[in-house]
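What's in run-v1.txt: compact mmCIF, C-alpha atoms and all ligand atoms
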# COMPACT_ATOMS: atom_id res chain seq x y z
CA MET A 1 0.00 0.00 0.00
CA ASN A 2 1.28 3.48 -0.89
CA LEU A 3 0.12 6.35 1.27
CA ILE A 4 0.69 10.10 1.16
CA PHE A 5 0.49 12.38 4.19
CA LEU A 6 -0.55 15.81 2.97
CA GLY A 7 -0.95 18.98 5.01
CA PRO A 8 0.71 22.22 6.02
CA PRO A 9 3.99 22.31 7.98
CA GLY A 10 3.29 21.36 11.58
CA ALA A 11 0.09 19.46 10.80
CA GLY A 12 1.60 16.27 12.23
CA LYS A 13 2.58 14.51 9.01
CA GLY A 14 5.93 13.30 10.37
CA THR A 15 4.55 12.16 13.73
CA HIS A 16 1.72 10.09 12.25
CA ALA A 17 3.73 8.83 9.28
CA GLN A 18 6.44 7.52 11.65
CA ARG A 19 3.84 5.66 13.68
CA MET A 20 1.98 4.28 10.69
CA SER A 21 5.26 3.12 9.18
CA ILE A 22 5.84 0.93 12.25
CA ASP A 23 2.24 -0.33 12.28
CA LEU A 24 2.18 -1.22 8.58
CA GLY A 25 5.82 -2.34 8.35
CA ILE A 26 6.57 -0.15 5.32
CA PRO A 27 9.17 2.65 5.07
CA HIS A 28 8.46 6.27 5.96
CA LEU A 29 9.91 8.50 3.25
CA SER A 30 10.24 12.08 4.41
CA THR A 31 11.77 14.27 1.69
CA GLY A 32 12.49 16.93 4.33
CA GLU A 33 14.49 14.38 6.36
CA MET A 34 16.30 13.16 3.25
CA LEU A 35 17.24 16.72 2.31
CA ARG A 36 18.45 17.51 5.83
CA ALA A 37 20.59 14.35 5.76
CA ASN A 38 22.13 15.57 2.49
CA ILE A 39 22.85 18.97 4.04
CA LYS A 40 24.48 17.33 7.03
CA ALA A 41 26.61 15.10 4.80
CA GLU A 42 27.52 18.14 2.67
CA THR A 43 26.56 16.41 -0.58
CA GLU A 44 26.11 18.37 -3.82
CA LEU A 45 22.32 18.04 -3.42
CA GLY A 46 22.58 19.29 0.17
CA LYS A 47 24.51 22.35 -0.94
CA GLN A 48 21.93 23.13 -3.61
CA ALA A 49 18.97 22.59 -1.25
CA LYS A 50 20.17 24.43 1.87
CA GLY A 51 19.37 28.00 0.82
CA PHE A 52 15.82 27.11 -0.19
CA ILE A 53 15.12 25.21 3.03
CA ASP A 54 16.54 27.89 5.33
CA ALA A 55 14.37 30.49 3.57
CA GLY A 56 11.23 28.35 3.93
CA GLU A 57 10.97 27.92 0.16
CA LEU A 58 10.53 24.70 -1.80
CA VAL A 59 13.56 22.94 -3.22
CA PRO A 60 13.22 22.80 -7.05
CA ASP A 61 10.99 19.95 -8.26
CA GLN A 62 13.62 18.14 -10.31
CA LEU A 63 16.10 17.85 -7.42
CA VAL A 64 13.47 16.39 -5.09
CA ILE A 65 12.01 14.07 -7.74
CA ASP A 66 15.44 12.62 -8.62
CA MET A 67 16.25 12.07 -4.95
CA LEU A 68 12.89 10.39 -4.32
CA ARG A 69 13.07 8.19 -7.42
CA GLU A 70 16.44 6.87 -6.32
CA ARG A 71 15.14 6.08 -2.82
CA ILE A 72 12.00 4.37 -3.99
CA SER A 73 13.94 2.06 -6.30
CA GLN A 74 15.50 0.43 -3.23
CA ASP A 75 14.41 -3.02 -2.17
CA ASP A 76 12.69 -2.08 1.10
CA CYS A 77 10.12 0.00 -0.83
CA LYS A 78 8.74 -2.86 -2.89
CA ASN A 79 5.71 -3.53 -0.63
CA GLY A 80 4.71 0.12 -0.38
CA VAL A 81 5.77 3.33 1.31
CA ILE A 82 4.45 6.27 3.28
CA PHE A 83 5.27 9.61 1.69
CA ASP A 84 5.64 12.52 4.10
CA GLY A 85 6.16 15.97 2.58
CA PHE A 86 6.10 14.67 -0.98
CA PRO A 87 4.55 15.61 -3.33
CA ARG A 88 4.41 19.32 -2.55
CA THR A 89 3.54 20.65 -6.01
CA VAL A 90 1.17 19.52 -8.75
CA THR A 91 4.19 18.83 -10.98
CA GLN A 92 5.64 16.47 -8.34
CA ALA A 93 2.26 14.70 -8.03
CA GLN A 94 1.98 14.26 -11.79
CA VAL A 95 5.49 12.79 -12.01
CA LEU A 96 4.83 10.53 -9.00
CA ASP A 97 1.74 9.17 -10.76
CA THR A 98 3.96 7.91 -13.59
CA PHE A 99 5.89 5.54 -11.33
CA VAL A 100 3.82 4.78 -8.20
CA LYS A 101 0.15 3.95 -7.71
CA ILE A 102 -1.10 5.87 -4.68
CA ASP A 103 -3.88 4.19 -2.67
CA HIS A 104 -4.83 6.89 -0.15
CA VAL A 105 -3.93 10.51 0.56
CA ILE A 106 -4.40 11.52 4.19
CA ASN A 107 -5.03 15.26 4.24
CA LEU A 108 -4.36 16.60 7.74
CA GLU A 109 -6.49 19.70 8.27
CA ILE A 110 -5.47 22.38 10.76
CA PRO A 111 -5.88 26.19 10.83
CA ASP A 112 -2.79 28.41 10.37
CA GLU A 113 -3.09 29.87 13.91
CA ALA A 114 -2.88 26.40 15.47
CA ILE A 115 0.20 25.64 13.35
CA ILE A 116 2.05 28.73 14.48
CA ASP A 117 1.33 27.79 18.07
CA ARG A 118 2.43 24.20 17.54
CA MET A 119 5.66 25.07 15.75
CA LYS A 120 6.83 27.27 18.62
CA GLY A 121 7.17 24.14 20.77
CA ARG A 122 8.54 21.75 18.17
CA ARG A 123 11.92 20.13 18.87
CA VAL A 124 13.73 17.63 16.72
CA CYS A 125 16.47 15.09 17.22
CA PRO A 126 19.37 15.99 14.90
CA LYS A 127 20.51 12.36 14.90
CA CYS A 128 17.44 10.18 14.28
CA GLY A 129 14.89 12.79 13.16
CA MET A 130 12.24 12.06 15.85
CA THR A 131 10.07 15.10 16.54
CA TYR A 132 8.69 16.20 19.89
CA HIS A 133 6.61 18.99 21.40
CA THR A 134 7.78 20.79 24.52
CA SER A 135 4.35 20.37 26.14
CA LEU A 136 4.77 16.58 26.08
CA LEU A 137 8.49 16.42 26.67
CA GLN A 138 10.33 15.59 29.86
CA GLY A 139 13.94 16.72 29.67
CA THR A 140 15.74 17.96 26.58
CA THR A 141 17.00 14.77 24.95
CA CYS A 142 15.64 12.29 22.41
CA THR A 143 13.85 9.40 24.15
CA SER A 144 14.84 7.15 21.28
CA CYS A 145 18.61 7.79 21.00
CA GLY A 146 19.52 10.18 23.84
CA THR A 147 20.77 13.03 21.62
CA GLU A 148 20.19 16.66 22.73
CA LEU A 149 17.14 18.02 20.87
CA ILE A 150 17.29 21.19 18.75
CA ILE A 151 14.95 23.73 17.15
CA ARG A 152 15.00 23.32 13.38
CA GLU A 153 16.28 26.45 11.66
CA ASP A 154 13.15 26.60 9.48
CA ASP A 155 10.81 26.28 12.52
CA ARG A 156 11.63 29.86 13.59
CA PRO A 157 8.43 32.00 13.51
CA GLU A 158 9.38 34.18 10.49
CA THR A 159 10.26 31.10 8.44
CA VAL A 160 7.09 29.29 9.51
CA GLN A 161 5.06 32.21 8.10
CA ALA A 162 6.96 31.94 4.81
CA ARG A 163 6.39 28.18 4.70
CA LEU A 164 2.64 28.67 5.22
CA VAL A 165 2.47 31.10 2.30
CA VAL A 166 4.31 28.57 0.13
CA TYR A 167 1.99 25.80 1.35
CA HIS A 168 -1.18 27.69 0.40
CA GLU A 169 0.18 28.68 -2.98
CA LYS A 170 1.99 25.53 -4.13
CA THR A 171 0.82 22.54 -2.08
CA GLN A 172 -2.84 23.22 -1.28
CA PRO A 173 -3.84 22.69 -4.95
CA LEU A 174 -2.97 19.01 -4.38
CA ILE A 175 -6.16 18.70 -2.32
CA ASP A 176 -8.24 19.21 -5.48
CA TYR A 177 -5.86 17.03 -7.47
CA TYR A 178 -6.33 14.01 -5.19
CA GLN A 179 -10.01 14.76 -4.57
CA ALA A 180 -10.54 14.48 -8.32
CA ALA A 181 -8.67 11.16 -8.27
CA GLY A 182 -11.07 9.90 -5.56
CA ILE A 183 -8.32 9.00 -3.07
CA LEU A 184 -8.38 11.99 -0.68
CA ARG A 185 -9.17 11.26 2.99
CA ASN A 186 -9.65 14.42 5.07
CA VAL A 187 -8.71 14.15 8.75
CA ASP A 188 -9.11 16.83 11.42
CA SER A 189 -5.60 17.24 12.85
CA VAL A 190 -6.52 19.37 15.86
CA GLY A 191 -6.54 17.19 18.97
CA THR A 192 -4.37 14.74 20.83
CA ILE A 193 -1.82 12.68 18.91
CA ASP A 194 -3.65 9.45 19.78
CA GLY A 195 -7.04 10.92 18.86
CA VAL A 196 -5.84 12.15 15.47
CA TYR A 197 -4.10 8.84 14.80
CA GLU A 198 -7.38 7.00 15.46
CA ASN A 199 -9.13 9.31 13.01
CA ILE A 200 -6.49 8.49 10.42
CA GLN A 201 -6.97 4.77 10.95
CA GLY A 202 -10.73 5.28 10.63
CA ALA A 203 -10.28 7.21 7.39
CA LEU A 204 -8.31 4.31 5.89
CA LYS A 205 -11.04 1.69 6.48
P1 LIG A 301 9.61 19.13 5.93
O1 LIG A 301 10.58 18.45 6.85
O2 LIG A 301 8.74 18.17 5.17
O3 LIG A 301 8.82 20.21 6.61
O4 LIG A 301 10.50 19.86 4.81
C1 LIG A 301 11.43 20.87 5.16
C2 LIG A 301 11.81 21.67 3.93
O5 LIG A 301 12.42 20.80 2.96
C3 LIG A 301 10.65 22.32 3.19
O6 LIG A 301 10.27 23.57 3.76
C4 LIG A 301 11.25 22.48 1.80
O7 LIG A 301 12.18 23.55 1.76
C5 LIG A 301 12.05 21.20 1.65
N1 LIG A 301 11.23 20.12 1.04
C6 LIG A 301 10.83 18.96 1.65
N2 LIG A 301 10.09 18.22 0.81
C7 LIG A 301 10.01 18.91 -0.34
C8 LIG A 301 9.36 18.68 -1.58
N3 LIG A 301 8.62 17.58 -1.80
N4 LIG A 301 9.52 19.62 -2.56
C9 LIG A 301 10.26 20.71 -2.37
N5 LIG A 301 10.88 21.01 -1.22
C10 LIG A 301 10.75 20.12 -0.21
How does this structure look as structure tokens?
Ligand code: AMP
Amino acid sequence: MNLIFLGPPGAGKGTHAQRMSIDLGIPHLSTGEMLRANIKAETELGKQAKGFIDAGELVPDQLVIDMLRERISQDDCKNGVIFDGFPRTVTQAQVLDTFVKIDHVINLEIPDEAIIDRMKGRRVCPKCGMTYHTSLLQGTTCTSCGTELIIREDDRPETVQARLVVYHEKTQPLIDYYQAAGILRNVDSVGTIDGVYENIQGALK
């Protein structure tokens, strides 16, 4: 089964995709995570992507598509994957349709004001990529690998605003795209993590 998690930054795509990946036993492919790993490793792709990411803009379609295509050709993806943060433009969605059949698109719905509030408390593990919220966190380290958590550069309030503008302009049109394809599942993403996750499971039945 191939699933897409769609929604604005901070809607909970990463959190729920991580959990669903464990439940379904299929890989969680986060293009944001893959790009950050490239930046950390100082690859050519990382160098090209860094400026866009730090400014809250989208990395050019072709760079992300090539990176994703390479990842999805690997053996562990043969029984399906969970896409998180991809596609983010109609062009990416059209190209994805040429090489993967998507079964469901989970569209996490949340108002901009709630996102801004949520992003203020977001912390991430620079080593394994787990995300946390300060309201649910005891201590300052990753519960999974013990690394000191950080605030992502692009989670700073000015950049979050820029990312929301980009989301509404470039990514929101995907809602109509997948609605027309009959595979869109809208899920209210305001609520507890467990409550939202249950709604997602319900939407997939
Ligand atoms: P994320 O971790 O999904 O919030 O992504 C962080 C940043 O990586 C985004 O703000 C974009 O700059 C970049 N990015 C991630 N996925 C994509 C994508 N599918 N297309 C273009 N840029 C992306």
With only C-alpha atoms as the atoms that count, which of A:Thr143, A:Ala203, A:Val166, A:Thr15 lies nearest to A:Arg122? A:Thr15
Polymer residues at most 7 Å from A:Gly10, all atoms listed in the file, same-chain spacing of 5 or more positions, as a list in words: Ile115, Arg118 and Met119 of chain A
Where does chain A meet ligand LIG 301 (chain A) within 8 Å, residue by residue, with the nearest atom pair and distance in Å to one decimal for each, counting all atoms listed in the file, listed by chain and rising number, as a tab-separated table?
residue	atom	partner	partner_atom	distance
A:Pro9	CA	A:LIG301	O3	5.4
A:Gly10	CA	A:LIG301	O3	7.5
A:Gly14	CA	A:LIG301	O2	7.7
A:Ser30	CA	A:LIG301	O2	6.3
A:Thr31	CA	A:LIG301	N2	4.4
A:Gly32	CA	A:LIG301	O1	3.5
A:Glu33	CA	A:LIG301	O1	5.7
A:Leu35	CA	A:LIG301	O5	6.3
A:Arg36	CA	A:LIG301	O5	7.4
A:Ala49	CA	A:LIG301	O7	7.5
A:Phe52	CA	A:LIG301	O7	5.5
A:Ile53	CA	A:LIG301	O7	3.6
A:Asp54	CA	A:LIG301	O7	7.1
A:Ala55	CA	A:LIG301	O7	7.5
A:Gly56	CA	A:LIG301	O6	4.9
A:Glu57	CA	A:LIG301	O7	4.8
A:Leu58	CA	A:LIG301	N5	3.8
A:Val59	CA	A:LIG301	N5	3.9
A:Pro60	CA	A:LIG301	C9	5.9
A:Asp61	CA	A:LIG301	N4	5.9
A:Val64	CA	A:LIG301	N4	5.7
A:Ile65	CA	A:LIG301	N3	7.7
A:Asp84	CA	A:LIG301	O2	6.5
A:Gly85	CA	A:LIG301	O2	4.3
A:Phe86	CA	A:LIG301	N3	3.9
A:Pro87	CA	A:LIG301	N3	4.8
A:Arg88	CA	A:LIG301	N3	4.6
A:Thr89	CA	A:LIG301	N4	7.0
A:Gln92	CA	A:LIG301	N3	7.3
A:Asp154	CA	A:LIG301	O6	7.1
A:Arg163	CA	A:LIG301	O6	6.1
Mind giving me the straight-line distance from atom CA of A:Gly191 to atom CA of A:Asp23 in Å, one decimal?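 Those two atoms sit 20.7 Å apart.
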What separates atom CA of A:His133 and atom CA of A:Glu169 is a distance of 27.0 Å
Can you list, as an MDAnalysis selection string, every protein, DNA or RNA residue that comes within 12 Å of A:Ile193 when you count all atoms listed in the file, leaving out same-chain residues fewer than 2 positions away? chainID A and resid 11:17 19 132:133 136 188:191 195:200
Provide the atom CA of A:Ala37 to atom CA of A:Lys127 distance in Å, to one decimal place. 9.4 Å
Excluding same-chain residues fewer than 4 positions from A:Leu24, what lies within 12 Å of it counting all atoms listed in the file, as a ChimeraX atom specification? /A:1-3,16-20,28,79-82,201
Exercise: A:Asp155 partners within 8 Å, all atoms listed in the file, chain neighbours under 3 positions left out, as a ChimeraX atom specification: /A:119-120,122,151-152,159-160
Just want the 6 Å neighbourhood of stretch 124-126 of chain A, counted on all atoms listed in the file, with same-chain residues fewer than 4 positions away dropped. Output as an MDAnalysis selection string. chainID A and resid 130:131 142 149:150
Could you check which of A:Asp112, A:Gly139, A:Cys145, A:Ile72 is closest to A:Val165, using all atoms listed in the file? A:Asp112
Check the smallest atom-to-atom distance from each of A:Thr192, A:Thr134, A:Thr147, A:Ser73 to A:Asp117 using only C-alpha atoms, then report the winner.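 Residue with the minimum atom-to-atom distance to A:Asp117: A:Thr134.
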Check the smallest atom-to-atom distance from each of A:Ile116, A:Ser135, A:Lys50, A:Tyr178 to A:His104 using only C-alpha atoms, then report the winner. A:Tyr178
Output: stretch 81-96 of chain A of the preceding structure, restricted to all heavy atoms, written as a PDB file, in the first residue's frame.
ATOM      1  N   VAL A  81       5.077   2.308   0.515  1.00  0.00           N
ATOM      2  CA  VAL A  81       5.774   3.331   1.315  1.00  0.00           C
ATOM      3  C   VAL A  81       4.770   4.357   1.831  1.00  0.00           C
ATOM      4  O   VAL A  81       3.647   4.433   1.340  1.00  0.00           O
ATOM      5  CB  VAL A  81       6.856   4.088   0.498  1.00  0.00           C
ATOM      6  CG1 VAL A  81       7.941   3.167   0.005  1.00  0.00           C
ATOM      7  CG2 VAL A  81       6.261   4.866  -0.638  1.00  0.00           C
ATOM      8  N   ILE A  82       5.238   5.136   2.797  1.00  0.00           N
ATOM      9  CA  ILE A  82       4.449   6.274   3.281  1.00  0.00           C
ATOM     10  C   ILE A  82       5.214   7.538   2.936  1.00  0.00           C
ATOM     11  O   ILE A  82       6.330   7.750   3.419  1.00  0.00           O
ATOM     12  CB  ILE A  82       4.230   6.166   4.799  1.00  0.00           C
ATOM     13  CG1 ILE A  82       3.496   4.870   5.110  1.00  0.00           C
ATOM     14  CG2 ILE A  82       3.472   7.382   5.310  1.00  0.00           C
ATOM     15  CD1 ILE A  82       3.251   4.626   6.574  1.00  0.00           C
ATOM     16  N   PHE A  83       4.631   8.350   2.080  1.00  0.00           N
ATOM     17  CA  PHE A  83       5.268   9.609   1.695  1.00  0.00           C
ATOM     18  C   PHE A  83       4.879  10.699   2.684  1.00  0.00           C
ATOM     19  O   PHE A  83       3.693  10.865   2.985  1.00  0.00           O
ATOM     20  CB  PHE A  83       4.811  10.051   0.298  1.00  0.00           C
ATOM     21  CG  PHE A  83       5.246   9.142  -0.804  1.00  0.00           C
ATOM     22  CD1 PHE A  83       4.360   8.225  -1.359  1.00  0.00           C
ATOM     23  CD2 PHE A  83       6.534   9.197  -1.303  1.00  0.00           C
ATOM     24  CE1 PHE A  83       4.759   7.380  -2.386  1.00  0.00           C
ATOM     25  CE2 PHE A  83       6.945   8.358  -2.331  1.00  0.00           C
ATOM     26  CZ  PHE A  83       6.049   7.445  -2.871  1.00  0.00           C
ATOM     27  N   ASP A  84       5.878  11.419   3.144  1.00  0.00           N
ATOM     28  CA  ASP A  84       5.639  12.517   4.098  1.00  0.00           C
ATOM     29  C   ASP A  84       6.344  13.757   3.539  1.00  0.00           C
ATOM     30  O   ASP A  84       7.567  13.793   3.453  1.00  0.00           O
ATOM     31  CB  ASP A  84       6.199  12.077   5.461  1.00  0.00           C
ATOM     32  CG  ASP A  84       6.508  13.221   6.408  1.00  0.00           C
ATOM     33  OD1 ASP A  84       6.049  14.347   6.177  1.00  0.00           O
ATOM     34  OD2 ASP A  84       7.220  12.963   7.402  1.00  0.00           O
ATOM     35  N   GLY A  85       5.552  14.738   3.121  1.00  0.00           N
ATOM     36  CA  GLY A  85       6.161  15.967   2.579  1.00  0.00           C
ATOM     37  C   GLY A  85       6.453  15.868   1.095  1.00  0.00           C
ATOM     38  O   GLY A  85       7.094  16.746   0.533  1.00  0.00           O
ATOM     39  N   PHE A  86       5.978  14.838   0.470  1.00  0.00           N
ATOM     40  CA  PHE A  86       6.097  14.667  -0.977  1.00  0.00           C
ATOM     41  C   PHE A  86       4.822  13.993  -1.451  1.00  0.00           C
ATOM     42  O   PHE A  86       4.404  13.014  -0.828  1.00  0.00           O
ATOM     43  CB  PHE A  86       7.299  13.790  -1.340  1.00  0.00           C
ATOM     44  CG  PHE A  86       7.506  13.667  -2.828  1.00  0.00           C
ATOM     45  CD1 PHE A  86       8.340  14.538  -3.503  1.00  0.00           C
ATOM     46  CD2 PHE A  86       6.840  12.689  -3.558  1.00  0.00           C
ATOM     47  CE1 PHE A  86       8.513  14.440  -4.880  1.00  0.00           C
ATOM     48  CE2 PHE A  86       7.006  12.595  -4.936  1.00  0.00           C
ATOM     49  CZ  PHE A  86       7.844  13.474  -5.592  1.00  0.00           C
ATOM     50  N   PRO A  87       4.201  14.427  -2.534  1.00  0.00           N
ATOM     51  CA  PRO A  87       4.552  15.608  -3.329  1.00  0.00           C
ATOM     52  C   PRO A  87       4.130  16.909  -2.645  1.00  0.00           C
ATOM     53  O   PRO A  87       3.274  16.907  -1.766  1.00  0.00           O
ATOM     54  CB  PRO A  87       3.751  15.391  -4.611  1.00  0.00           C
ATOM     55  CG  PRO A  87       2.557  14.593  -4.177  1.00  0.00           C
ATOM     56  CD  PRO A  87       3.008  13.729  -3.054  1.00  0.00           C
ATOM     57  N   ARG A  88       4.739  18.003  -3.089  1.00  0.00           N
ATOM     58  CA  ARG A  88       4.405  19.322  -2.553  1.00  0.00           C
ATOM     59  C   ARG A  88       3.983  20.287  -3.649  1.00  0.00           C
ATOM     60  O   ARG A  88       3.644  21.433  -3.356  1.00  0.00           O
ATOM     61  CB  ARG A  88       5.619  19.895  -1.832  1.00  0.00           C
ATOM     62  CG  ARG A  88       5.562  19.787  -0.304  1.00  0.00           C
ATOM     63  CD  ARG A  88       6.817  20.416   0.234  1.00  0.00           C
ATOM     64  NE  ARG A  88       6.756  20.826   1.601  1.00  0.00           N
ATOM     65  CZ  ARG A  88       7.222  20.117   2.624  1.00  0.00           C
ATOM     66  NH1 ARG A  88       7.731  18.936   2.437  1.00  0.00           N
ATOM     67  NH2 ARG A  88       7.181  20.613   3.844  1.00  0.00           N
ATOM     68  N   THR A  89       4.025  19.829  -4.890  1.00  0.00           N
ATOM     69  CA  THR A  89       3.539  20.654  -6.007  1.00  0.00           C
ATOM     70  C   THR A  89       2.769  19.725  -6.948  1.00  0.00           C
ATOM     71  O   THR A  89       2.960  18.495  -6.914  1.00  0.00           O
ATOM     72  CB  THR A  89       4.704  21.278  -6.814  1.00  0.00           C
ATOM     73  OG1 THR A  89       5.461  20.215  -7.407  1.00  0.00           O
ATOM     74  CG2 THR A  89       5.612  22.136  -5.958  1.00  0.00           C
ATOM     75  N   VAL A  90       1.934  20.334  -7.793  1.00  0.00           N
ATOM     76  CA  VAL A  90       1.169  19.521  -8.748  1.00  0.00           C
ATOM     77  C   VAL A  90       2.126  18.813  -9.703  1.00  0.00           C
ATOM     78  O   VAL A  90       1.925  17.647 -10.048  1.00  0.00           O
ATOM     79  CB  VAL A  90       0.126  20.397  -9.493  1.00  0.00           C
ATOM     80  CG1 VAL A  90      -0.512  19.619 -10.633  1.00  0.00           C
ATOM     81  CG2 VAL A  90      -0.937  20.886  -8.520  1.00  0.00           C
ATOM     82  N   THR A  91       3.210  19.478 -10.091  1.00  0.00           N
ATOM     83  CA  THR A  91       4.193  18.828 -10.977  1.00  0.00           C
ATOM     84  C   THR A  91       4.741  17.562 -10.316  1.00  0.00           C
ATOM     85  O   THR A  91       4.824  16.501 -10.944  1.00  0.00           O
ATOM     86  CB  THR A  91       5.363  19.790 -11.290  1.00  0.00           C
ATOM     87  OG1 THR A  91       4.811  20.946 -11.886  1.00  0.00           O
ATOM     88  CG2 THR A  91       6.386  19.166 -12.214  1.00  0.00           C
ATOM     89  N   GLN A  92       5.117  17.651  -9.041  1.00  0.00           N
ATOM     90  CA  GLN A  92       5.641  16.466  -8.337  1.00  0.00           C
ATOM     91  C   GLN A  92       4.598  15.351  -8.321  1.00  0.00           C
ATOM     92  O   GLN A  92       4.923  14.177  -8.517  1.00  0.00           O
ATOM     93  CB  GLN A  92       6.043  16.817  -6.906  1.00  0.00           C
ATOM     94  CG  GLN A  92       7.256  17.729  -6.808  1.00  0.00           C
ATOM     95  CD  GLN A  92       7.621  18.079  -5.367  1.00  0.00           C
ATOM     96  OE1 GLN A  92       7.156  17.464  -4.415  1.00  0.00           O
ATOM     97  NE2 GLN A  92       8.468  19.087  -5.210  1.00  0.00           N
ATOM     98  N   ALA A  93       3.332  15.712  -8.089  1.00  0.00           N
ATOM     99  CA  ALA A  93       2.263  14.703  -8.032  1.00  0.00           C
ATOM    100  C   ALA A  93       2.090  14.037  -9.392  1.00  0.00           C
ATOM    101  O   ALA A  93       1.917  12.812  -9.474  1.00  0.00           O
ATOM    102  CB  ALA A  93       0.957  15.354  -7.596  1.00  0.00           C
ATOM    103  N   GLN A  94       2.157  14.837 -10.444  1.00  0.00           N
ATOM    104  CA  GLN A  94       1.982  14.262 -11.790  1.00  0.00           C
ATOM    105  C   GLN A  94       3.124  13.295 -12.115  1.00  0.00           C
ATOM    106  O   GLN A  94       2.902  12.227 -12.666  1.00  0.00           O
ATOM    107  CB  GLN A  94       1.928  15.383 -12.831  1.00  0.00           C
ATOM    108  CG  GLN A  94       0.611  16.144 -12.767  1.00  0.00           C
ATOM    109  CD  GLN A  94       0.635  17.447 -13.560  1.00  0.00           C
ATOM    110  OE1 GLN A  94       1.700  18.026 -13.787  1.00  0.00           O
ATOM    111  NE2 GLN A  94      -0.536  17.909 -13.952  1.00  0.00           N
ATOM    112  N   VAL A  95       4.347  13.675 -11.744  1.00  0.00           N
ATOM    113  CA  VAL A  95       5.485  12.788 -12.012  1.00  0.00           C
ATOM    114  C   VAL A  95       5.366  11.525 -11.149  1.00  0.00           C
ATOM    115  O   VAL A  95       5.574  10.407 -11.632  1.00  0.00           O
ATOM    116  CB  VAL A  95       6.836  13.510 -11.762  1.00  0.00           C
ATOM    117  CG1 VAL A  95       8.001  12.540 -11.928  1.00  0.00           C
ATOM    118  CG2 VAL A  95       6.996  14.698 -12.692  1.00  0.00           C
ATOM    119  N   LEU A  96       4.987  11.689  -9.890  1.00  0.00           N
ATOM    120  CA  LEU A  96       4.833  10.527  -8.999  1.00  0.00           C
ATOM    121  C   LEU A  96       3.839   9.524  -9.589  1.00  0.00           C
ATOM    122  O   LEU A  96       4.063   8.316  -9.547  1.00  0.00           O
ATOM    123  CB  LEU A  96       4.373  10.995  -7.612  1.00  0.00           C
ATOM    124  CG  LEU A  96       4.243   9.923  -6.545  1.00  0.00           C
ATOM    125  CD1 LEU A  96       5.599   9.295  -6.224  1.00  0.00           C
ATOM    126  CD2 LEU A  96       3.635  10.486  -5.261  1.00  0.00           C
TER     127      LEU A  96
END
